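Shown below: structure_27.txt, with compact mmCIF, C-alpha atoms.
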# COMPACT_ATOMS: atom_id res chain seq x y z
CA MET A 1 -77.08 -71.36 157.42
CA LEU A 2 -76.51 -73.08 154.08
CA ILE A 3 -78.21 -76.26 155.33
CA VAL A 4 -81.14 -74.37 156.90
CA GLY A 5 -81.56 -72.32 153.71
CA LEU A 6 -81.52 -75.38 151.48
CA ILE A 7 -84.03 -77.16 153.71
CA TRP A 8 -86.31 -74.11 153.48
CA ILE A 9 -85.99 -74.03 149.67
CA ILE A 10 -86.78 -77.73 149.37
CA VAL A 11 -89.68 -77.65 151.83
CA THR A 12 -91.28 -74.67 150.06
CA ARG A 13 -90.70 -75.88 146.50
CA HIS A 14 -93.62 -75.61 144.12
CA ASP A 15 -95.75 -78.51 143.02
CA THR A 16 -95.08 -78.49 139.29
CA ALA A 17 -97.80 -80.99 138.38
CA THR A 18 -100.34 -79.14 136.27
CA GLN A 19 -103.50 -79.19 138.32
CA PRO A 20 -106.35 -77.06 137.06
CA GLN A 21 -107.88 -74.99 139.84
CA PHE A 22 -111.65 -74.96 139.78
CA PHE A 23 -113.44 -72.27 141.67
CA ASP A 24 -116.78 -70.54 141.81
CA GLY A 25 -117.93 -67.14 142.84
CA ASN A 26 -116.27 -64.49 140.67
CA ARG A 27 -118.46 -63.35 137.84
CA ILE A 28 -117.07 -61.97 134.62
CA PRO A 29 -117.56 -58.19 134.65
CA ASP A 30 -119.84 -56.71 131.99
CA ILE A 31 -117.44 -54.85 129.71
CA GLN A 32 -118.23 -53.44 126.29
CA LEU A 33 -115.48 -53.79 123.71
CA MET A 34 -115.22 -53.79 119.90
CA ASP A 35 -114.47 -56.64 117.56
CA VAL A 36 -112.20 -56.24 114.53
CA ALA A 37 -115.17 -55.15 112.39
CA ASP A 38 -115.68 -52.30 114.92
CA ALA A 39 -118.97 -53.79 116.11
CA VAL A 40 -119.76 -53.43 119.81
CA VAL A 41 -119.44 -56.68 121.75
CA SER A 42 -119.90 -57.44 125.42
CA THR A 43 -118.58 -59.87 128.00
CA LYS A 44 -122.08 -60.08 129.51
CA PRO A 45 -122.97 -63.78 129.84
CA SER A 46 -125.46 -64.94 127.22
CA GLN A 47 -126.84 -67.80 129.37
CA ALA A 48 -126.33 -69.94 126.28
CA ASN A 49 -122.66 -70.73 125.85
CA PRO A 50 -119.56 -71.01 127.97
CA VAL A 51 -116.84 -68.64 126.76
CA VAL A 52 -113.06 -68.88 126.82
CA TYR A 53 -111.22 -65.57 126.63
CA THR A 54 -107.55 -65.49 125.69
CA LEU A 55 -105.71 -62.27 126.48
CA TRP A 56 -102.91 -61.69 123.97
CA THR A 57 -100.81 -59.10 122.13
CA THR A 58 -99.14 -59.18 118.73
CA TRP A 59 -95.66 -58.65 120.21
CA CYS A 60 -95.83 -61.39 122.86
CA PRO A 61 -93.79 -64.45 121.76
CA ALA A 62 -95.57 -66.77 124.21
CA CYS A 63 -98.92 -65.70 122.67
CA ALA A 64 -97.59 -66.43 119.18
CA ALA A 65 -96.42 -69.86 120.32
CA ASN A 66 -99.77 -70.65 121.97
CA MET A 67 -102.06 -69.42 119.20
CA PRO A 68 -101.66 -72.44 116.83
CA ILE A 69 -102.79 -74.74 119.69
CA LEU A 70 -105.87 -72.58 120.24
CA ASN A 71 -106.54 -72.39 116.48
CA GLN A 72 -106.61 -76.18 116.30
CA LEU A 73 -109.10 -76.36 119.19
CA VAL A 74 -111.62 -73.95 117.64
CA PRO A 75 -113.65 -76.48 115.53
CA GLU A 76 -113.79 -78.98 118.41
CA MET A 77 -114.92 -76.31 120.90
CA GLU A 78 -117.48 -74.89 118.49
CA ALA A 79 -118.96 -78.37 118.18
CA ARG A 80 -119.26 -78.48 121.98
CA GLY A 81 -120.90 -75.05 122.12
CA ILE A 82 -117.94 -73.21 123.60
CA ARG A 83 -117.01 -69.79 122.18
CA MET A 84 -113.32 -68.94 121.96
CA ILE A 85 -112.43 -65.26 121.90
CA ALA A 86 -108.96 -63.71 121.61
CA VAL A 87 -109.03 -60.34 123.37
CA ASN A 88 -106.11 -58.18 122.28
CA GLN A 89 -104.61 -56.11 125.09
CA GLY A 90 -103.55 -52.53 124.60
CA GLU A 91 -103.02 -52.38 120.83
CA THR A 92 -104.71 -50.56 117.98
CA LEU A 93 -106.92 -52.07 115.29
CA VAL A 94 -104.22 -51.32 112.67
CA GLN A 95 -101.63 -53.27 114.67
CA ILE A 96 -104.02 -56.21 115.02
CA GLN A 97 -104.97 -56.21 111.33
CA THR A 98 -101.33 -55.97 110.23
CA HIS A 99 -100.55 -58.96 112.44
CA LEU A 100 -103.49 -60.93 111.01
CA THR A 101 -102.20 -60.52 107.45
CA HIS A 102 -99.31 -62.88 108.18
CA THR A 103 -100.63 -64.79 111.23
CA PRO A 104 -104.22 -65.98 110.88
CA ILE A 105 -106.21 -66.52 114.05
CA ALA A 106 -109.27 -68.79 113.98
CA LEU A 107 -110.72 -67.44 117.23
CA GLU A 108 -113.11 -64.48 117.35
CA ILE A 109 -110.95 -61.40 117.83
CA TRP A 110 -111.87 -58.47 120.06
CA GLN A 111 -110.02 -55.22 120.62
CA ASP A 112 -109.31 -53.97 124.14
CA PRO A 113 -107.02 -50.96 123.63
CA GLN A 114 -107.46 -49.75 127.23
CA ARG A 115 -106.91 -53.26 128.65
CA GLN A 116 -110.28 -53.05 130.41
CA LEU A 117 -110.73 -56.82 130.65
CA GLY A 118 -107.19 -57.52 131.83
CA MET A 119 -107.39 -54.79 134.44
CA ALA A 120 -110.86 -55.80 135.62
CA LEU A 121 -109.60 -59.35 136.15
CA GLN A 122 -106.24 -58.11 137.47
CA VAL A 123 -104.41 -60.24 134.94
CA ASN A 124 -101.06 -58.91 133.69
CA ASP A 125 -99.57 -62.10 132.31
CA LEU A 126 -99.64 -62.84 128.58
CA PRO A 127 -101.10 -65.00 127.33
CA SER A 128 -103.80 -65.69 129.91
CA THR A 129 -106.84 -67.88 129.36
CA ILE A 130 -110.06 -67.23 131.25
CA PHE A 131 -112.72 -69.93 131.32
CA VAL A 132 -116.22 -68.60 131.96
CA ASP A 133 -119.27 -70.85 132.27
CA ALA A 134 -122.63 -70.02 130.70
CA ASN A 135 -123.77 -68.33 133.92
CA GLY A 136 -120.89 -65.88 133.75
CA ASN A 137 -118.87 -67.47 136.56
CA ILE A 138 -115.09 -67.49 136.09
CA ARG A 139 -113.99 -71.08 136.49
CA LEU A 140 -110.27 -70.72 135.85
CA VAL A 141 -107.74 -68.01 135.11
CA TYR A 142 -104.77 -69.76 133.54
CA ARG A 143 -101.59 -67.72 133.18
CA GLY A 144 -99.10 -68.55 130.46
CA PRO A 145 -99.32 -70.78 127.38
CA ILE A 146 -101.98 -73.44 127.88
CA THR A 147 -101.77 -77.02 126.65
CA SER A 148 -104.56 -78.60 124.63
CA ALA A 149 -104.90 -81.31 127.32
CA LEU A 150 -105.61 -78.79 130.06
CA PHE A 151 -107.88 -76.83 127.75
CA ARG A 152 -109.97 -79.96 127.12
CA ILE A 153 -110.17 -80.72 130.87
CA MET A 154 -111.54 -77.23 131.45
CA ALA A 155 -113.89 -77.53 128.48
CA ASP A 156 -115.34 -80.69 130.06
CA GLU A 157 -115.82 -78.78 133.31
CA LEU A 158 -117.52 -75.87 131.52
CA VAL A 159 -119.91 -78.12 129.60
CA HIS A 160 -120.66 -80.14 132.74
CA LYS A 161 -121.45 -76.92 134.65
CA THR A 162 -123.65 -75.63 131.86
CA HIS A 163 -125.77 -78.75 131.70
CA ARG A 164 -125.95 -79.30 135.46
CA MET B 1 -110.84 -54.17 142.59
CA MET B 2 -109.96 -50.57 143.40
CA PRO B 3 -110.96 -47.94 140.83
CA LEU B 4 -108.45 -46.14 138.65
CA ILE B 5 -107.65 -42.61 139.77
CA SER B 6 -107.23 -39.79 137.24
CA ILE B 7 -104.70 -37.05 138.01
CA GLY B 8 -104.25 -34.76 135.02
CA PRO B 9 -103.10 -36.90 132.08
CA LEU B 10 -102.33 -39.84 134.35
CA ARG B 11 -104.80 -42.63 135.00
CA MET B 12 -103.42 -44.76 137.77
CA SER B 13 -104.27 -47.72 139.90
CA THR B 14 -103.91 -47.47 143.66
CA ALA B 15 -100.61 -49.33 143.22
CA GLY B 16 -99.37 -46.54 140.94
CA LEU B 17 -100.51 -43.88 143.37
CA VAL B 18 -98.89 -45.53 146.39
CA THR B 19 -95.72 -46.12 144.35
CA LEU B 20 -95.56 -42.38 143.58
CA ALA B 21 -95.99 -41.65 147.30
CA ALA B 22 -93.23 -44.17 148.06
CA VAL B 23 -90.89 -42.50 145.54
CA ALA B 24 -91.62 -39.05 147.03
CA LEU B 25 -90.99 -40.36 150.54
CA TRP B 26 -87.79 -42.07 149.41
CA TRP B 27 -86.56 -38.89 147.71
CA CYS B 28 -87.20 -36.54 150.68
CA TRP B 29 -85.94 -38.95 153.32
CA SER B 30 -82.82 -39.96 151.39
CA GLU B 31 -81.96 -36.31 150.75
CA ARG B 32 -82.19 -35.58 154.49
CA ARG B 33 -80.01 -38.57 155.30
CA PHE B 34 -77.39 -37.48 152.74
CA ILE B 35 -77.33 -34.02 154.33
CA ALA B 36 -77.10 -35.53 157.82
CA ARG B 37 -74.06 -37.51 156.68
CA GLY B 38 -72.51 -34.35 155.24
CA VAL B 39 -72.96 -35.46 151.62
CA LEU B 40 -74.43 -32.71 149.47
CA LEU B 41 -75.90 -34.16 146.31
CA PRO B 42 -77.08 -32.20 143.30
CA ASP B 43 -80.75 -32.81 142.48
CA TRP B 44 -79.87 -34.48 139.18
CA VAL B 45 -78.72 -37.58 141.05
CA PHE B 46 -82.26 -38.26 142.28
CA GLY B 47 -83.63 -37.54 138.80
CA VAL B 48 -81.19 -39.98 137.22
CA VAL B 49 -81.99 -42.65 139.82
CA ILE B 50 -85.76 -42.33 139.28
CA VAL B 51 -85.48 -42.45 135.47
CA ALA B 52 -83.12 -45.45 135.69
CA THR B 53 -85.48 -47.17 138.12
CA TRP B 54 -88.36 -46.78 135.65
CA LEU B 55 -86.29 -47.98 132.71
CA GLY B 56 -84.85 -50.86 134.72
CA ALA B 57 -88.33 -51.98 135.77
CA ARG B 58 -89.57 -51.99 132.16
CA LEU B 59 -86.36 -53.43 130.68
CA TRP B 60 -86.48 -56.38 133.05
CA VAL B 61 -90.05 -57.21 131.99
CA LEU B 62 -89.32 -56.81 128.27
CA ILE B 63 -86.17 -58.94 128.37
CA GLU B 64 -87.87 -61.58 130.52
CA SER B 65 -90.74 -61.84 128.02
CA ALA B 66 -88.36 -61.87 125.00
CA THR B 67 -90.03 -58.85 123.40
CA PRO B 68 -89.20 -58.54 119.66
CA LEU B 69 -86.78 -55.77 118.70
CA ASP B 70 -89.22 -53.90 116.43
CA VAL B 71 -91.52 -53.09 119.34
CA PHE B 72 -88.89 -53.00 122.07
CA VAL B 73 -88.33 -49.23 122.24
CA PRO B 74 -92.03 -48.24 122.02
CA GLN B 75 -92.82 -50.77 124.75
CA LEU B 76 -89.92 -49.52 126.87
CA LEU B 77 -91.13 -45.93 126.70
CA ALA B 78 -94.86 -46.68 126.97
CA VAL B 79 -96.44 -44.71 129.80
CA ARG B 80 -99.45 -47.00 130.15
CA THR B 81 -97.62 -50.24 130.51
CA LEU B 82 -98.56 -53.80 131.19
CA ASP B 83 -96.11 -54.62 133.91
CA PHE B 84 -93.21 -53.47 136.06
CA SER B 85 -90.54 -55.48 137.80
CA TRP B 86 -89.34 -54.62 141.31
CA SER B 87 -86.08 -56.47 140.68
CA GLY B 88 -85.48 -54.49 137.48
CA ALA B 89 -86.29 -51.24 139.28
CA PHE B 90 -83.74 -52.08 141.97
CA VAL B 91 -81.01 -53.00 139.49
CA GLY B 92 -81.72 -49.86 137.42
CA GLY B 93 -81.60 -47.62 140.51
CA LEU B 94 -78.42 -49.26 141.74
CA PHE B 95 -76.76 -48.84 138.35
CA ALA B 96 -77.70 -45.12 138.33
CA LEU B 97 -76.29 -44.70 141.82
CA TYR B 98 -73.06 -46.40 140.75
CA TRP B 99 -72.79 -44.14 137.70
CA SER B 100 -73.52 -41.01 139.74
CA ALA B 101 -71.10 -41.98 142.52
CA LYS B 102 -68.36 -42.62 139.99
CA ARG B 103 -69.03 -39.30 138.32
CA MET B 104 -68.79 -37.51 141.67
CA HIS B 105 -65.79 -39.58 142.84
CA ALA B 106 -67.79 -40.86 145.80
CA ARG B 107 -68.06 -44.36 147.36
CA LEU B 108 -71.07 -46.37 146.20
CA TYR B 109 -71.07 -48.38 149.47
CA THR B 110 -71.59 -45.23 151.52
CA TRP B 111 -74.41 -44.03 149.27
CA VAL B 112 -76.21 -47.37 149.39
CA GLU B 113 -75.82 -47.39 153.18
CA ILE B 114 -77.46 -43.96 153.32
CA ILE B 115 -80.42 -44.92 151.14
CA SER B 116 -80.91 -48.39 152.65
CA VAL B 117 -83.58 -47.53 155.24
CA PRO B 118 -85.65 -45.18 153.01
CA THR B 119 -85.46 -47.75 150.20
CA LEU B 120 -86.71 -50.59 152.37
CA VAL B 121 -89.53 -48.43 153.76
CA ALA B 122 -90.46 -47.32 150.21
CA PHE B 123 -90.48 -50.98 149.08
CA SER B 124 -92.70 -51.82 152.04
CA LEU B 125 -95.11 -49.03 151.11
CA GLY B 126 -95.04 -50.10 147.45
CA ALA B 127 -95.87 -53.68 148.43
CA PHE B 128 -98.90 -52.41 150.33
CA GLY B 129 -99.98 -50.41 147.26
CA SER B 130 -99.71 -53.54 145.16
CA PHE B 131 -101.88 -55.44 147.65
CA TRP B 132 -104.41 -52.59 147.82
CA SER B 133 -104.85 -52.61 144.04
CA GLY B 134 -105.61 -56.33 144.17
CA ALA B 135 -102.57 -57.66 142.33
CA ASP B 136 -102.64 -61.40 142.75
CA VAL B 137 -99.25 -63.07 142.64
CA GLY B 138 -99.68 -65.44 145.56
CA ARG B 139 -99.78 -69.20 145.33
CA LEU B 140 -103.17 -70.80 145.83
CA TRP B 141 -103.81 -71.48 149.52
CA ASP B 142 -106.87 -71.62 151.75
CA GLY B 143 -105.23 -71.13 155.14
CA PRO B 144 -106.36 -68.65 157.82
CA LEU B 145 -104.43 -65.66 156.37
CA SER B 146 -105.39 -66.27 152.75
CA VAL B 147 -107.04 -63.55 150.68
CA TYR B 148 -109.66 -64.03 147.98
CA MET B 149 -108.39 -62.63 144.68
CA VAL B 150 -109.47 -63.45 141.13
CA GLY B 151 -111.66 -66.32 142.14
CA ALA B 152 -109.32 -68.15 144.47
CA TYR B 153 -107.84 -68.02 147.96
CA ARG B 154 -104.16 -67.12 147.81
CA HIS B 155 -101.16 -66.23 149.95
CA PRO B 156 -101.18 -62.44 150.53
CA VAL B 157 -97.58 -62.18 149.32
CA GLN B 158 -97.59 -58.40 149.11
CA LEU B 159 -98.41 -58.26 152.82
CA TYR B 160 -95.52 -60.64 153.50
CA ASP B 161 -93.34 -58.34 151.39
CA MET B 162 -94.54 -55.30 153.32
CA LEU B 163 -93.82 -56.96 156.66
CA LEU B 164 -90.38 -58.29 155.71
CA PHE B 165 -89.24 -55.04 154.07
CA GLY B 166 -90.40 -53.27 157.25
CA LEU B 167 -88.44 -55.72 159.41
CA GLY B 168 -85.44 -55.24 157.11
CA ALA B 169 -85.66 -51.47 157.64
CA CYS B 170 -85.80 -52.03 161.43
CA TRP B 171 -82.75 -54.29 161.17
CA CYS B 172 -80.80 -51.60 159.27
CA VAL B 173 -81.86 -48.88 161.77
CA TRP B 174 -80.76 -51.12 164.64
CA ALA B 175 -77.39 -51.75 162.97
CA GLU B 176 -76.96 -48.00 162.49
CA ARG B 177 -77.81 -47.25 166.12
CA GLN B 178 -75.33 -49.90 167.25
CA HIS B 179 -72.69 -48.32 164.97
CA LEU B 180 -72.10 -51.68 163.33
CA LEU B 181 -69.81 -51.67 160.33
CA GLY B 182 -70.96 -52.73 156.86
CA GLY B 183 -74.28 -50.94 156.44
CA TRP B 184 -74.29 -51.96 152.76
CA TRP B 185 -74.19 -55.62 153.78
CA HIS B 186 -77.02 -55.19 156.30
CA PHE B 187 -79.10 -53.85 153.40
CA VAL B 188 -78.17 -56.91 151.31
CA ILE B 189 -79.17 -59.18 154.23
CA ALA B 190 -82.58 -57.46 154.41
CA LEU B 191 -83.19 -57.84 150.66
CA ALA B 192 -81.89 -61.41 150.38
CA SER B 193 -83.94 -62.57 153.39
CA ASN B 194 -87.03 -61.08 151.83
CA LEU B 195 -86.40 -62.86 148.52
CA LEU B 196 -85.60 -66.16 150.20
CA VAL B 197 -88.82 -66.16 152.24
CA VAL B 198 -91.40 -64.44 150.02
CA ALA B 199 -90.44 -66.17 146.76
CA SER B 200 -91.72 -69.39 148.34
CA PHE B 201 -95.24 -68.03 148.32
CA ARG B 202 -95.28 -66.32 144.91
CA ALA B 203 -96.91 -67.92 141.90
CA ASP B 204 -95.00 -65.84 139.33
CA VAL B 205 -91.50 -67.22 139.86
CA ALA B 206 -89.23 -69.18 137.53
CA LEU B 207 -88.85 -72.82 138.60
CA LEU B 208 -86.19 -75.47 138.12
CA ASN B 209 -86.99 -79.15 137.80
CA GLY B 210 -88.67 -80.37 140.96
CA GLY B 211 -90.31 -77.02 141.61
CA ILE B 212 -87.23 -75.34 143.13
CA VAL B 213 -87.54 -71.54 142.88
CA VAL B 214 -84.54 -70.11 140.98
CA VAL B 215 -84.44 -66.77 142.79
CA GLN B 216 -84.27 -68.49 146.18
CA LEU B 217 -80.94 -70.12 145.27
CA GLY B 218 -79.47 -66.71 144.35
CA ALA B 219 -80.92 -65.15 147.49
CA LEU B 220 -79.44 -67.86 149.72
CA LEU B 221 -76.01 -67.35 148.17
CA LEU B 222 -76.27 -63.58 148.61
CA LEU B 223 -77.43 -63.98 152.21
CA ILE B 224 -74.52 -66.25 153.11
CA VAL B 225 -71.97 -63.87 151.55
CA ALA B 226 -73.55 -60.84 153.28
CA VAL B 227 -73.70 -62.51 156.72
CA GLU B 228 -70.11 -63.69 156.33
CA ARG B 229 -69.00 -60.14 155.43
CA VAL B 230 -70.85 -58.62 158.39
CA MET B 231 -69.32 -61.18 160.78
CA MET B 232 -65.87 -60.51 159.38
CA LEU B 233 -66.32 -56.78 159.89
CA GLN B 234 -67.55 -57.41 163.45
CA ARG B 235 -64.42 -59.42 164.20
CA GLN B 236 -62.28 -56.59 162.80
CA GLN B 237 -64.23 -54.05 164.87
CA ALA B 238 -63.77 -56.13 168.04
CA ARG B 239 -60.00 -56.15 167.59

Show me, as structure tokens, the structure contained in the file I just sent.
Amino acid sequence: MLIVGLIWIIVTRHDTATQPQFFDGNRIPDIQLMDVADAVVSTKPSQANPVVYTLWTTWCPACAANMPILNQLVPEMEARGIRMIAVNQGETLVQIQTHLTHTPIALEIWQDPQRQLGMALQVNDLPSTIFVDANGNIRLVYRGPITSALFRIMADELVHKTHR
Amino acid sequence: MMPLISIGPLRMSTAGLVTLAAVALWWCWSERRFIARGVLLPDWVFGVVIVATWLGARLWVLIESATPLDVFVPQLLAVRTLDFSWSGAFVGGLFALYWSAKRMHARLYTWVEIISVPTLVAFSLGAFGSFWSGADVGRLWDGPLSVYMVGAYRHPVQLYDMLLFGLGACWCVWAERQHLLGGWWHFVIALASNLLVVASFRADVALLNGGIVVVQLGALLLLIVAVERVMMLQRQQAR
């Protein structure tokens, strides 16, 4: 039994190489949220820019570890016409603002106290990064902290799609 | 994506609703089985088990995600939560049963044997609820049984869970009907087999170097111990 079990475990092991999964078909739902200035914002595609949403919370250590990487990518992505938006999940504006006093975030910040976006996309993992092309198609849902290398690969894909 | 359902102050997904149904089924069925075995339990035992199951499910998630201490308690008690863990729920429930059995000077093994079949059926129902609500924890796959969730074809792991928990319940019923000794260990066999098989197809599992799934190693060890114990008891019974 030990040998059979070990064979099963080895045969079904995961491929740990980071391969981005590209897919078409699912459109980003149109959800109205608020930004940190309490202005109404929407996930409706603008037909102009690809958008990258990062779902995060102030208490999530993996989000805190990933945010500096995303902060560094903001100028580069802006230059390529890609919007980067950090969508807070389930917290109040006061909690977000308190967090921002000691941890600056260069991305646009939206509030989602009811976790509408996370629930609509059925994403529970934090942080999660959702790449949406300019037509509103979700190209990748990446769970967990993302590397700048993978982010750039996806950015290439988004820009390529937009200009196709 | 299934819509959220509002019942009074609660706003639940289909997974939440089916989980409540599973808990109710588990409660009623377990109570009947306790009575059938001549064990009269006060209602507080079920209350303690359900509260411990909830706390265990949340604790597991919070510890796993290294939640900071200043938000730990509010997150633990939050009603509208981000995530629950089946493993944490099981450990919490088991701990409550152990505490209750000790308090009532009863044998934990006997209690676990009694609740084994309702628990496996409730897990099976809960797995279906999770699938119905569109939770996507399967590895990417485009085979004939794959389901399309969040923009990709994936293994329908909740359906595998449902099937294997159901088979585990059948196994435990069969063992009961055959009057085999070690009902507790049959329950462990059902759970460990499920973990060993289904963890292969889940995307949300911790991995060692080389992509080996950590939980599978624990499950294999548990399975070997449980099978060995059952065989030993069979040999004793045969004598």

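Pairwise distance (atom CA of Phe34 of chain B, atom CA of Pro118 of chain B) equals 11.3 Å.
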
Exercise. In terms of the shortest atom-to-atom distance over only C-alpha atoms, which of A:Asp35, A:Asp30, A:Asp133, A:Asp125 is closest to chain B?
Worked result: A:Asp125

Problem set entry | Spatial neighbours of Leu180 of chain B, max dist 9 Å, only C-alpha atoms, sep filter under 3 positions, as a ChimeraX atom specification | /B:174-177,183,230,233-234,237

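What separates atom CA of Trp86 of chain B from atom CA of Met162 of chain B is a distance of 13.1 Å.
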
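The environment of Ile130 of chain A within 6 Å, counting all atoms listed in the file and disregarding residues fewer than 3 places along the same chain, consists of Val52, Tyr53, Leu140 and Val141 of chain A.
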
For this session: Could you give me, as JSON, numbers by chain, the residues that have an atom at most 12 Å away from the point (-79.3, -63.0, 144.1) in the coordinates of the file, using all atoms listed in the file?
Result: {"B": [87, 90, 91, 188, 189, 191, 192, 193, 194, 195, 196, 199, 213, 214, 215, 216, 217, 218, 219, 220, 221, 222, 223, 224, 225, 226]}

Problem set entry | Length of the atom CA of Phe131 of chain A to atom CA of Asn49 of chain A vector [Å] | 11.4 Å
